[in-house]
>>> print(open('final.pdb').read())   # PDB, C-alpha atoms
ATOM      1  CA  MET A  17      63.287  96.949 134.095
ATOM      2  CA  ARG A  18      65.916  96.874 131.330
ATOM      3  CA  ALA A  19      65.718  99.068 128.270
ATOM      4  CA  SER A  20      65.613  97.297 124.925
ATOM      5  CA  ALA A  21      68.841  96.976 122.907
ATOM      6  CA  GLY A  22      67.444  99.313 120.251
ATOM      7  CA  PHE A  23      66.726 101.991 122.818
ATOM      8  CA  ARG A  24      70.202 101.617 124.335
ATOM      9  CA  ILE A  25      71.712 102.090 120.867
ATOM     10  CA  LEU A  26      69.561 105.100 119.991
ATOM     11  CA  VAL A  27      70.166 107.075 123.221
ATOM     12  CA  PRO A  28      73.877 107.706 122.551
ATOM     13  CA  LEU A  29      73.600 107.434 118.745
ATOM     14  CA  LEU A  30      71.049 110.177 118.049
ATOM     15  CA  PRO A  31      72.773 113.020 119.965
ATOM     16  CA  GLY A  32      76.139 111.945 118.552
ATOM     17  CA  LEU A  33      74.684 111.936 115.056
ATOM     18  CA  TYR A  34      73.188 115.376 115.669
ATOM     19  CA  ALA A  35      76.522 116.747 116.914
ATOM     20  CA  TRP A  36      78.311 115.174 113.940
ATOM     21  CA  LEU A  37      75.826 116.592 111.429
ATOM     22  CA  SER A  38      75.932 120.105 112.860
ATOM     23  CA  THR A  39      79.651 120.500 113.580
ATOM     24  CA  VAL A  40      81.665 117.907 111.635
ATOM     25  CA  MET A  41      79.923 117.088 108.367
ATOM     26  CA  PHE A  42      79.594 120.617 106.963
ATOM     27  CA  PRO A  43      83.225 121.763 107.451
ATOM     28  CA  ALA A  44      84.411 118.360 106.178
ATOM     29  CA  LEU A  45      82.331 118.602 103.001
ATOM     30  CA  ARG A  46      83.854 122.015 102.242
ATOM     31  CA  SER A  47      87.408 120.750 102.807
ATOM     32  CA  GLY A  48      89.702 118.281 101.094
ATOM     33  CA  TRP A  49      89.546 114.485 101.189
ATOM     34  CA  PRO A  50      91.595 114.037 104.437
ATOM     35  CA  ALA A  51      88.915 115.880 106.421
ATOM     36  CA  ARG A  52      86.192 113.890 104.660
ATOM     37  CA  VAL A  53      87.921 110.621 105.515
ATOM     38  CA  THR A  54      88.272 111.506 109.219
ATOM     39  CA  ALA A  55      84.649 112.733 109.309
ATOM     40  CA  LEU A  56      83.473 109.441 107.813
ATOM     41  CA  ALA A  57      85.682 107.553 110.271
ATOM     42  CA  ALA A  58      84.068 109.514 113.117
ATOM     43  CA  LEU A  59      80.607 108.507 111.932
ATOM     44  CA  LEU A  60      81.585 104.846 111.592
ATOM     45  CA  LEU A  61      83.222 104.858 115.029
ATOM     46  CA  LEU A  62      80.092 106.384 116.548
ATOM     47  CA  VAL A  63      77.822 103.741 115.011
ATOM     48  CA  ALA A  64      80.224 100.917 115.881
ATOM     49  CA  GLY A  65      80.613 102.219 119.433
ATOM     50  CA  THR A  66      76.899 102.510 120.105
ATOM     51  CA  VAL A  67      76.183  99.038 118.682
ATOM     52  CA  MET A  68      79.153  97.460 120.462
ATOM     53  CA  GLY A  69      78.222  99.260 123.680
ATOM     54  CA  THR A  70      75.168  97.062 124.129
ATOM     55  CA  ARG A  71      77.403  93.961 124.213
ATOM     56  CA  VAL A  72      80.773  95.040 125.627
ATOM     57  CA  GLU A  73      80.298  98.426 127.269
ATOM     58  CA  ARG A  74      84.011  99.190 127.694
ATOM     59  CA  VAL A  75      84.794  98.597 124.015
ATOM     60  CA  GLY A  76      81.700 100.557 123.017
ATOM     61  CA  ARG A  77      82.864 103.552 125.028
ATOM     62  CA  ILE A  78      86.391 103.395 123.616
ATOM     63  CA  LEU A  79      85.019 103.415 120.058
ATOM     64  CA  GLY A  80      81.960 105.624 120.528
ATOM     65  CA  VAL A  81      83.435 108.249 122.838
ATOM     66  CA  TRP A  82      87.219 108.362 122.519
ATOM     67  CA  GLY A  83      87.431 107.132 118.915
ATOM     68  CA  PHE A  84      84.593 109.390 117.793
ATOM     69  CA  LEU A  85      86.040 112.440 119.590
ATOM     70  CA  THR A  86      89.533 111.805 118.207
ATOM     71  CA  ALA A  87      88.220 111.551 114.650
ATOM     72  CA  CYS A  88      86.080 114.698 115.110
ATOM     73  CA  ILE A  89      89.052 116.669 116.463
ATOM     74  CA  ALA A  90      91.187 115.437 113.544
ATOM     75  CA  THR A  91      88.465 116.643 111.154
ATOM     76  CA  TRP A  92      88.359 120.058 112.788
ATOM     77  CA  LEU A  93      92.141 120.376 112.597
ATOM     78  CA  LEU A  94      92.119 119.379 108.923
ATOM     79  CA  ALA A  95      89.203 121.740 108.167
ATOM     80  CA  ALA A  96      90.475 124.588 110.352
ATOM     81  CA  ASP A  97      90.026 127.173 107.596
ATOM     82  CA  GLN A  98      86.281 126.389 107.525
ATOM     83  CA  LEU A  99      85.942 126.992 111.258
ATOM     84  CA  ALA A 100      87.121 130.613 111.410
ATOM     85  CA  VAL A 101      84.783 132.742 113.519
ATOM     86  CA  GLU A 102      83.746 134.970 110.625
ATOM     87  CA  ARG A 103      82.669 131.900 108.608
ATOM     88  CA  LEU A 104      80.664 130.275 111.392
ATOM     89  CA  ASP A 105      76.920 129.961 110.993
ATOM     90  CA  ILE A 106      75.461 131.140 114.312
ATOM     91  CA  VAL A 107      72.451 128.810 114.352
ATOM     92  CA  ARG A 108      74.513 125.767 113.350
ATOM     93  CA  ALA A 109      77.199 126.589 115.919
ATOM     94  CA  ALA A 110      74.632 127.006 118.696
ATOM     95  CA  SER A 111      72.812 123.803 117.733
ATOM     96  CA  GLY A 112      76.199 122.049 117.612
ATOM     97  CA  ALA A 113      77.000 123.151 121.159
ATOM     98  CA  ILE A 114      73.660 121.746 122.309
ATOM     99  CA  GLY A 115      74.352 118.572 120.309
ATOM    100  CA  TRP A 116      77.667 118.001 122.090
ATOM    101  CA  ALA A 117      76.038 118.550 125.476
ATOM    102  CA  LEU A 118      73.377 115.972 124.547
ATOM    103  CA  PHE A 119      76.148 113.628 123.342
ATOM    104  CA  ALA A 120      77.691 113.739 126.831
ATOM    105  CA  PHE A 121      74.324 113.010 128.419
ATOM    106  CA  GLY A 122      73.648 110.218 125.887
ATOM    107  CA  TRP A 123      76.690 108.268 127.062
ATOM    108  CA  GLY A 124      75.846 108.786 130.724
ATOM    109  CA  ASN A 125      74.304 106.127 132.909
ATOM    110  CA  VAL A 126      71.258 106.673 135.051
ATOM    111  CA  ARG A 127      69.772 104.454 137.664
ATOM    112  CA  ALA A 128      67.152 102.156 136.182
ATOM    113  CA  PRO A 129      63.587 102.816 137.380
ATOM    114  CA  GLY A 130      62.901 100.847 140.552
ATOM    115  CA  ALA A 131      66.538  99.896 141.120
ATOM    116  CA  VAL A 132      67.894 100.251 144.657
ATOM    117  CA  PRO A 133      71.583 101.301 144.770
ATOM    118  CA  GLU A 134      72.218  99.352 147.989
ATOM    119  CA  GLU A 135      71.167  96.133 146.247
ATOM    120  CA  ASP A 136      74.028  96.425 143.775
ATOM    121  CA  PRO A 137      76.533  93.619 144.493
ATOM    122  CA  ARG A 138      79.346  96.201 144.377
ATOM    123  CA  ALA A 139      77.719  98.411 147.025
ATOM    124  CA  ILE A 140      79.626  98.708 150.323
ATOM    125  CA  ALA A 141      77.523  97.266 153.124
ATOM    126  CA  GLY A 142      76.660  99.516 156.046
ATOM    127  CA  ALA A 143      73.934 101.452 157.737
ATOM    128  CA  PRO A 144      71.613 103.111 155.202
ATOM    129  CA  LEU A 145      72.186 106.841 154.814
ATOM    130  CA  GLU A 146      69.323 108.919 156.123
ATOM    131  CA  ARG A 147      68.394 112.145 154.399
ATOM    132  CA  ARG A 148      69.129 115.200 156.499
ATOM    133  CA  GLY A 149      66.162 117.337 155.519
ATOM    134  CA  GLU A 150      63.357 118.089 153.108
ATOM    135  CA  MET A 151      63.585 120.368 150.101
ATOM    136  CA  PRO A 152      61.450 123.493 150.471
ATOM    137  CA  PRO A 153      58.316 123.542 148.271
ATOM    138  CA  GLY A 154      58.969 125.016 144.836
ATOM    139  CA  ALA A 155      62.709 124.305 144.970
ATOM    140  CA  ALA A 156      62.655 122.687 141.531
ATOM    141  CA  GLY A 157      60.931 125.762 140.098
ATOM    142  CA  VAL A 158      63.581 128.117 141.475
ATOM    143  CA  ALA A 159      66.352 125.866 140.157
ATOM    144  CA  ALA A 160      64.591 125.791 136.762
ATOM    145  CA  VAL A 161      64.559 129.611 136.702
ATOM    146  CA  GLY A 162      68.320 129.614 137.236
ATOM    147  CA  VAL A 163      68.964 126.959 134.597
ATOM    148  CA  LEU A 164      66.730 128.682 132.020
ATOM    149  CA  GLY A 165      68.387 132.046 132.734
ATOM    150  CA  ALA A 166      71.828 130.457 132.381
ATOM    151  CA  LEU A 167      70.826 128.823 129.087
ATOM    152  CA  ALA A 168      69.477 132.120 127.732
ATOM    153  CA  VAL A 169      72.741 133.903 128.600
ATOM    154  CA  VAL A 170      74.937 131.162 127.090
ATOM    155  CA  LEU A 171      72.894 131.035 123.883
ATOM    156  CA  SER A 172      72.837 134.831 123.537
ATOM    157  CA  ALA A 173      76.660 134.836 123.434
ATOM    158  CA  TRP A 174      76.425 133.246 119.971
ATOM    159  CA  ARG A 175      74.996 136.522 118.644
ATOM    160  CA  VAL A 176      78.346 138.293 119.127
ATOM    161  CA  ARG A 177      80.124 138.312 115.769
ATOM    162  CA  ARG A 178      83.286 140.341 116.522
ATOM    163  CA  GLU A 179      86.137 137.858 116.995
ATOM    164  CA  ASP A 180      87.713 139.088 120.245
ATOM    165  CA  HIS A 181      84.404 140.180 121.677
ATOM    166  CA  ALA A 182      82.848 136.801 120.827
ATOM    167  CA  LEU A 183      85.480 135.021 122.888
ATOM    168  CA  PHE A 184      84.953 137.466 125.751
ATOM    169  CA  ALA A 185      81.162 137.093 125.457
ATOM    170  CA  HIS A 186      81.396 133.305 125.711
ATOM    171  CA  ALA A 187      83.711 133.530 128.715
ATOM    172  CA  VAL A 188      81.432 136.037 130.447
ATOM    173  CA  ALA A 189      78.315 134.037 129.556
ATOM    174  CA  PHE A 190      79.882 130.869 130.956
ATOM    175  CA  VAL A 191      80.835 132.549 134.242
ATOM    176  CA  ALA A 192      77.400 134.188 134.488
ATOM    177  CA  ALA A 193      75.670 130.870 133.775
ATOM    178  CA  VAL A 194      77.638 129.079 136.492
ATOM    179  CA  ALA A 195      76.917 131.899 138.941
ATOM    180  CA  LEU A 196      73.200 131.876 138.075
ATOM    181  CA  VAL A 197      72.858 128.114 138.530
ATOM    182  CA  SER A 198      74.827 128.199 141.797
ATOM    183  CA  ALA A 199      72.769 131.095 143.133
ATOM    184  CA  ALA A 200      69.505 129.424 142.064
ATOM    185  CA  ALA A 201      70.521 126.225 143.853
ATOM    186  CA  HIS A 202      71.407 128.217 146.969
ATOM    187  CA  ILE A 203      68.106 130.104 146.904
ATOM    188  CA  ALA A 204      66.120 126.914 146.192
ATOM    189  CA  VAL A 205      67.591 125.202 149.262
ATOM    190  CA  GLU A 206      67.737 128.144 151.660
ATOM    191  CA  ARG A 207      64.205 129.386 151.017
ATOM    192  CA  GLY A 208      61.542 128.984 153.654
ATOM    193  CA  LYS A 209      63.797 128.198 156.595
ATOM    194  CA  GLY A 210      60.963 129.217 158.842
ATOM    195  CA  VAL A 211      62.141 132.431 160.467
ATOM    196  CA  ALA A 212      59.801 135.306 161.112
ATOM    197  CA  ALA A 213      62.066 137.921 159.607
ATOM    198  CA  PRO A 214      65.663 138.206 158.461
ATOM    199  CA  SER A 215      68.155 139.547 160.925
ATOM    200  CA  GLY A 216      69.685 142.974 160.470
ATOM    201  CA  ARG A 217      72.991 141.280 159.714
ATOM    202  CA  SER A 218      71.721 139.418 156.618
ATOM    203  CA  LEU A 219      69.903 142.473 155.317
ATOM    204  CA  ALA A 220      73.011 144.588 155.861
ATOM    205  CA  ALA A 221      75.091 142.065 153.902
ATOM    206  CA  ALA A 222      72.593 142.178 151.043
ATOM    207  CA  SER A 223      72.007 145.899 151.169
ATOM    208  CA  LEU A 224      75.439 146.916 149.870
ATOM    209  CA  PRO A 225      75.274 145.101 146.510
ATOM    210  CA  LEU A 226      71.562 145.888 146.247
ATOM    211  CA  THR A 227      72.148 149.591 146.888
ATOM    212  CA  LEU A 228      74.949 149.685 144.338
ATOM    213  CA  ALA A 229      72.750 147.916 141.773
ATOM    214  CA  ILE A 230      69.853 150.328 142.386
ATOM    215  CA  MET A 231      72.249 153.291 142.152
ATOM    216  CA  LEU A 232      73.549 152.006 138.836
ATOM    217  CA  LEU A 233      70.002 151.507 137.539
ATOM    218  CA  VAL A 234      69.043 155.048 138.553
ATOM    219  CA  ILE A 235      72.186 156.468 136.924
ATOM    220  CA  GLY A 236      71.394 154.471 133.783
ATOM    221  CA  MET A 237      67.830 155.780 133.670
ATOM    222  CA  MET A 238      69.028 159.349 134.206
ATOM    223  CA  TRP A 239      71.566 158.928 131.424
ATOM    224  CA  LEU A 240      68.823 157.627 129.111
ATOM    225  CA  VAL A 241      66.576 160.596 129.953
ATOM    226  CA  LEU A 242      69.302 163.222 129.569
ATOM    227  CA  ARG A 243      70.781 161.766 126.381
TER     228      ARG A 243
ATOM    229  CA  MET B  16      56.508 133.786 158.535
ATOM    230  CA  ALA B  17      55.249 136.522 156.221
ATOM    231  CA  GLY B  18      58.590 138.334 156.521
ATOM    232  CA  ALA B  19      60.462 135.190 155.450
ATOM    233  CA  ARG B  20      58.117 134.739 152.499
ATOM    234  CA  ILE B  21      58.709 138.314 151.391
ATOM    235  CA  VAL B  22      62.474 137.799 151.588
ATOM    236  CA  ASP B  23      62.135 134.562 149.579
ATOM    237  CA  PHE B  24      60.121 136.396 146.950
ATOM    238  CA  VAL B  25      62.624 139.275 146.823
ATOM    239  CA  SER B  26      65.455 136.780 146.455
ATOM    240  CA  ILE B  27      63.783 135.044 143.490
ATOM    241  CA  LEU B  28      62.942 138.412 141.962
ATOM    242  CA  LEU B  29      66.603 139.455 142.237
ATOM    243  CA  LEU B  30      67.661 136.141 140.670
ATOM    244  CA  VAL B  31      65.369 136.757 137.687
ATOM    245  CA  GLY B  32      66.581 140.362 137.511
ATOM    246  CA  SER B  33      70.213 139.289 137.441
ATOM    247  CA  ALA B  34      69.514 136.763 134.658
ATOM    248  CA  LEU B  35      67.840 139.512 132.634
ATOM    249  CA  ALA B  36      70.772 141.878 133.305
ATOM    250  CA  PHE B  37      73.317 139.263 132.171
ATOM    251  CA  PHE B  38      71.205 138.603 129.081
ATOM    252  CA  ALA B  39      71.079 142.342 128.339
ATOM    253  CA  GLY B  40      74.842 142.618 128.900
ATOM    254  CA  VAL B  41      75.746 139.868 126.453
ATOM    255  CA  GLY B  42      73.115 141.223 124.034
ATOM    256  CA  ALA B  43      74.733 144.670 124.215
ATOM    257  CA  LEU B  44      78.064 143.071 123.276
ATOM    258  CA  ALA B  45      76.352 141.631 120.205
ATOM    259  CA  GLU B  46      75.063 145.080 119.314
ATOM    260  CA  ARG B  47      78.595 146.539 119.608
ATOM    261  CA  ASN B  48      77.622 148.615 122.633
ATOM    262  CA  ASP B  49      80.494 147.782 124.957
ATOM    263  CA  LEU B  50      79.732 150.404 127.617
ATOM    264  CA  ALA B  51      76.150 149.189 127.967
ATOM    265  CA  ALA B  52      77.444 145.609 128.110
ATOM    266  CA  LEU B  53      79.781 146.458 130.978
ATOM    267  CA  TYR B  54      76.977 148.326 132.731
ATOM    268  CA  TRP B  55      74.502 145.431 132.540
ATOM    269  CA  LEU B  56      77.077 142.838 133.515
ATOM    270  CA  VAL B  57      78.005 144.811 136.639
ATOM    271  CA  VAL B  58      74.308 145.300 137.478
ATOM    272  CA  GLY B  59      73.747 141.557 136.984
ATOM    273  CA  GLY B  60      76.664 140.644 139.246
ATOM    274  CA  LEU B  61      75.539 142.980 142.020
ATOM    275  CA  THR B  62      71.916 141.833 141.772
ATOM    276  CA  LEU B  63      72.946 138.182 141.919
ATOM    277  CA  ARG B  64      75.136 138.863 144.938
ATOM    278  CA  ALA B  65      72.211 140.585 146.693
ATOM    279  CA  ALA B  66      69.902 137.654 145.792
ATOM    280  CA  THR B  67      72.112 135.177 147.650
ATOM    281  CA  GLU B  68      73.148 137.484 150.508
ATOM    282  CA  VAL B  69      69.573 138.198 151.522
ATOM    283  CA  LEU B  70      69.082 134.472 152.262
ATOM    284  CA  ARG B  71      72.304 133.927 154.216
ATOM    285  CA  PRO B  72      71.763 131.938 157.439
ATOM    286  CA  ARG B  73      70.249 134.247 159.965
ATOM    287  CA  ALA B  74      70.872 134.461 163.656
ATOM    288  CA  GLY B  75      68.763 131.894 165.485
ATOM    289  CA  SER B  76      67.329 130.312 162.344
ATOM    290  CA  ARG B  77      68.959 126.860 162.757
TER     291      ARG B  77
END
>>> encode(input="final.pdb", output="structure tokens")
Amino acid sequence: MRASAGFRILVPLLPGLYAWLSTVMFPALRSGWPARVTALAALLLLVAGTVMGTRVERVGRILGVWGFLTACIATWLLAADQLAVERLDIVRAASGAIGWALFAFGWGNVRAPGAVPEEDPRAIAGAPLERRGEMPPGAAGVAAVGVLGALAVVLSAWRVRREDHALFAHAVAFVAAVALVSAAAHIAVERGKGVAAPSGRSLAAASLPLTLAIMLLVIGMMWLVLR
Amino acid sequence: MAGARIVDFVSILLLVGSALAFFAGVGALAERNDLAALYWLVVGGLTLRAATEVLRPRAGSR
């Protein structure tokens, strides 16, 4: 089942347009004509790339990804004074970050519904790979908890307005988000391994950080009460 | 089996707790409360570590 040409144009075009509107157009409009020219060039390259991508994919990617990104970066460099942290609009910056993430997904390729990878003429022939196990029930839910928690932490970093602290907050939020997603994936896979009870060794390994966390929480509550 | 289920539940609870602690830590940075931010980030890190450690492969489970 092949997607229509219109759909294949819209999938990379809409997120790119959203990213352009939220992060390129506004600083360009407030800057001089060089930034406006590069911003317009970025838009034209995006449209040309997405349209061309349906015919010659390689050319489409060169125009729509590399050309578009180069023109956007040129716009940001030319409109650098509009991008100072104290002048950033928090909502627009956050929506722009989401827009760029969607832009990356928009240019990605997914397997078409019903397609079998081994039937691809470029696939290396050999014995089919057998899956090594089943995912525990509810694994997707646990992974979703981790992803949602990571998203909440990353988005909350945009509330920090102090320059140095904002940079630190984004770095911390990024590390925390990666750790949350990794831990959620680990928990999603390792759950329900079918043992009656954890061994003393695993509980002992977990008890040290857990004890420290509980101690900190108790100290925090005491500090709140005594303050 | 019930013991394993309890551990699974505790692990997920700790994961949620660590996400909330990280969220509170970054939120405290936004509210210019650096000490509280450090506090919540450390709590989040420790809670997340405990969430994964409690599910480490156990003796005789494989």
>>> closest_atom_pairs(input="final.pdb", of="chain B", to="range 232-242 of chain A", cutoff="9 Å", atoms="all atoms listed in the file", output="JSON lines")
{"residue": "B:Tyr54", "atom": "CA", "partner": "A:Leu232", "partner_atom": "CA", "distance": 7.9}
{"residue": "B:Val57", "atom": "CA", "partner": "A:Leu232", "partner_atom": "CA", "distance": 8.7}
{"residue": "B:Val58", "atom": "CA", "partner": "A:Leu232", "partner_atom": "CA", "distance": 6.9}
>>> closest_residue(input="final.pdb", among="A:Glu134, A:Asp105, A:Glu179, A:Glu146", to="chain B", atoms="all atoms listed in the file")
A:Glu179
>>> residues_around(input="final.pdb", residues="Ala229 in chain A", least_positions_apart="3", cutoff="12 Å", atoms="all atoms listed in the file", output="ChimeraX atom specification")
/A:222-226,232-236 /B:29,32-33,36,54-66
>>> resolve_selection(input="final.pdb", expression="the PyMOL selection byres ((chain B and resi 34) around 10)", output="MDAnalysis selection string")
(chainID A and resid 161:169 192:193 195:196) or (chainID B and resid 28:33 35:40 56 59:60 62:63)
>>> closest_residue(input="final.pdb", among="A:Ala131, A:Ile114, A:Thr70, A:Glu206", to="Val22 in chain B", atoms="all atoms listed in the file")
A:Glu206
>>> atom_distance(input="final.pdb", atom1="CA of Leu26 in chain A", atom2="CA of Val67 in chain A")
9.1 Å
>>> atom_distance(input="final.pdb", atom1="CA of Leu37 in chain A", atom2="CA of Arg24 in chain A")
20.6 Å
>>> residues_around(input="final.pdb", residues="Arg52 in chain A", least_positions_apart="4", cutoff="12 Å", atoms="all atoms listed in the file", output="PDB file with C-alpha atoms, in the coordinates of the input")
ATOM      1  CA  VAL A  40      81.665 117.907 111.635  1.00  0.00           C
ATOM      2  CA  MET A  41      79.923 117.088 108.367  1.00  0.00           C
ATOM      3  CA  PHE A  42      79.594 120.617 106.963  1.00  0.00           C
ATOM      4  CA  PRO A  43      83.225 121.763 107.451  1.00  0.00           C
ATOM      5  CA  ALA A  44      84.411 118.360 106.178  1.00  0.00           C
ATOM      6  CA  LEU A  45      82.331 118.602 103.001  1.00  0.00           C
ATOM      7  CA  ARG A  46      83.854 122.015 102.242  1.00  0.00           C
ATOM      8  CA  SER A  47      87.408 120.750 102.807  1.00  0.00           C
ATOM      9  CA  GLY A  48      89.702 118.281 101.094  1.00  0.00           C
ATOM     10  CA  LEU A  56      83.473 109.441 107.813  1.00  0.00           C
ATOM     11  CA  ALA A  57      85.682 107.553 110.271  1.00  0.00           C
ATOM     12  CA  ALA A  58      84.068 109.514 113.117  1.00  0.00           C
ATOM     13  CA  LEU A  59      80.607 108.507 111.932  1.00  0.00           C
ATOM     14  CA  ALA A  87      88.220 111.551 114.650  1.00  0.00           C
ATOM     15  CA  CYS A  88      86.080 114.698 115.110  1.00  0.00           C
ATOM     16  CA  ALA A  90      91.187 115.437 113.544  1.00  0.00           C
ATOM     17  CA  THR A  91      88.465 116.643 111.154  1.00  0.00           C
ATOM     18  CA  TRP A  92      88.359 120.058 112.788  1.00  0.00           C
ATOM     19  CA  LEU A  93      92.141 120.376 112.597  1.00  0.00           C
ATOM     20  CA  LEU A  94      92.119 119.379 108.923  1.00  0.00           C
ATOM     21  CA  ALA A  95      89.203 121.740 108.167  1.00  0.00           C
TER      22      ALA A  95
END
>>> closest_residue(input="final.pdb", among="B:Leu53, B:Ala43, B:Glu68, B:Asn48", to="chain A", atoms="all atoms listed in the file")
B:Glu68
>>> atom_distance(input="final.pdb", atom1="CA of Arg74 in chain A", atom2="CA of Leu33 in chain A")
20.2 Å
>>> resolve_selection(input="final.pdb", expression="the PyMOL selection byres ((chain A and resi 185) around 9)", output="list in words")
Val170, Ser172, Ala173, Trp174, Val176, Asp180, His181, Ala182, Leu183, Phe184, His186, Ala187, Val188, Ala189 and Phe190 of chain A; Val41, Leu44 and Ala45 of chain B
>>> closest_residue(input="final.pdb", among="A:Ala199, A:Ile140, A:Val205, A:Ala64", to="chain B", atoms="only C-alpha atoms")
A:Ala199
>>> build_atoms(input="final.pdb", residues="range 168-175 of chain A", atoms="all heavy atoms", output="short mmCIF file (atom, residue, chain, number, x, y, z; two decimals), keeping the file's coordinate frame")
data_model
loop_
_atom_site.label_atom_id
_atom_site.label_comp_id
_atom_site.auth_asym_id
_atom_site.auth_seq_id
_atom_site.Cartn_x
_atom_site.Cartn_y
_atom_site.Cartn_z
N ALA A 168 69.74 130.94 128.56
CA ALA A 168 69.48 132.12 127.73
C ALA A 168 70.75 132.95 127.57
O ALA A 168 71.06 133.43 126.47
CB ALA A 168 68.36 132.96 128.36
N VAL A 169 71.51 133.10 128.66
CA VAL A 169 72.74 133.90 128.60
C VAL A 169 73.78 133.22 127.71
O VAL A 169 74.42 133.85 126.86
CB VAL A 169 73.30 134.13 130.02
CG1 VAL A 169 74.65 134.81 129.97
CG2 VAL A 169 72.33 134.97 130.84
N VAL A 170 73.94 131.91 127.89
CA VAL A 170 74.94 131.16 127.09
C VAL A 170 74.58 131.21 125.61
O VAL A 170 75.45 131.44 124.75
CB VAL A 170 75.03 129.70 127.59
CG1 VAL A 170 75.80 128.85 126.61
CG2 VAL A 170 75.70 129.66 128.95
N LEU A 171 73.30 131.02 125.30
CA LEU A 171 72.89 131.04 123.88
C LEU A 171 73.02 132.43 123.28
O LEU A 171 73.36 132.57 122.11
CB LEU A 171 71.45 130.52 123.74
CG LEU A 171 71.27 129.03 124.02
CD1 LEU A 171 69.80 128.63 123.90
CD2 LEU A 171 72.09 128.19 123.03
N SER A 172 72.76 133.47 124.09
CA SER A 172 72.84 134.83 123.54
C SER A 172 74.27 135.20 123.16
O SER A 172 74.49 136.09 122.33
CB SER A 172 72.26 135.85 124.53
OG SER A 172 73.14 136.02 125.62
N ALA A 173 75.26 134.53 123.77
CA ALA A 173 76.66 134.84 123.43
C ALA A 173 76.97 134.50 121.98
O ALA A 173 77.91 135.07 121.40
CB ALA A 173 77.60 134.07 124.36
N TRP A 174 76.19 133.60 121.38
CA TRP A 174 76.42 133.25 119.97
C TRP A 174 76.05 134.37 119.02
O TRP A 174 76.37 134.30 117.83
CB TRP A 174 75.64 131.98 119.62
CG TRP A 174 76.22 130.76 120.24
CD1 TRP A 174 75.80 130.15 121.37
CD2 TRP A 174 77.37 130.04 119.81
NE1 TRP A 174 76.61 129.09 121.66
CE2 TRP A 174 77.58 128.99 120.72
CE3 TRP A 174 78.26 130.18 118.73
CZ2 TRP A 174 78.63 128.09 120.60
CZ3 TRP A 174 79.29 129.27 118.61
CH2 TRP A 174 79.47 128.25 119.52
N ARG A 175 75.37 135.40 119.52
CA ARG A 175 75.00 136.52 118.64
C ARG A 175 76.16 137.48 118.42
O ARG A 175 76.11 138.31 117.53
CB ARG A 175 73.82 137.28 119.28
CG ARG A 175 72.52 136.49 119.28
CD ARG A 175 71.49 137.16 120.16
NE ARG A 175 71.29 138.55 119.80
CZ ARG A 175 70.91 139.50 120.64
NH1 ARG A 175 70.68 139.20 121.90
NH2 ARG A 175 70.75 140.73 120.24
#
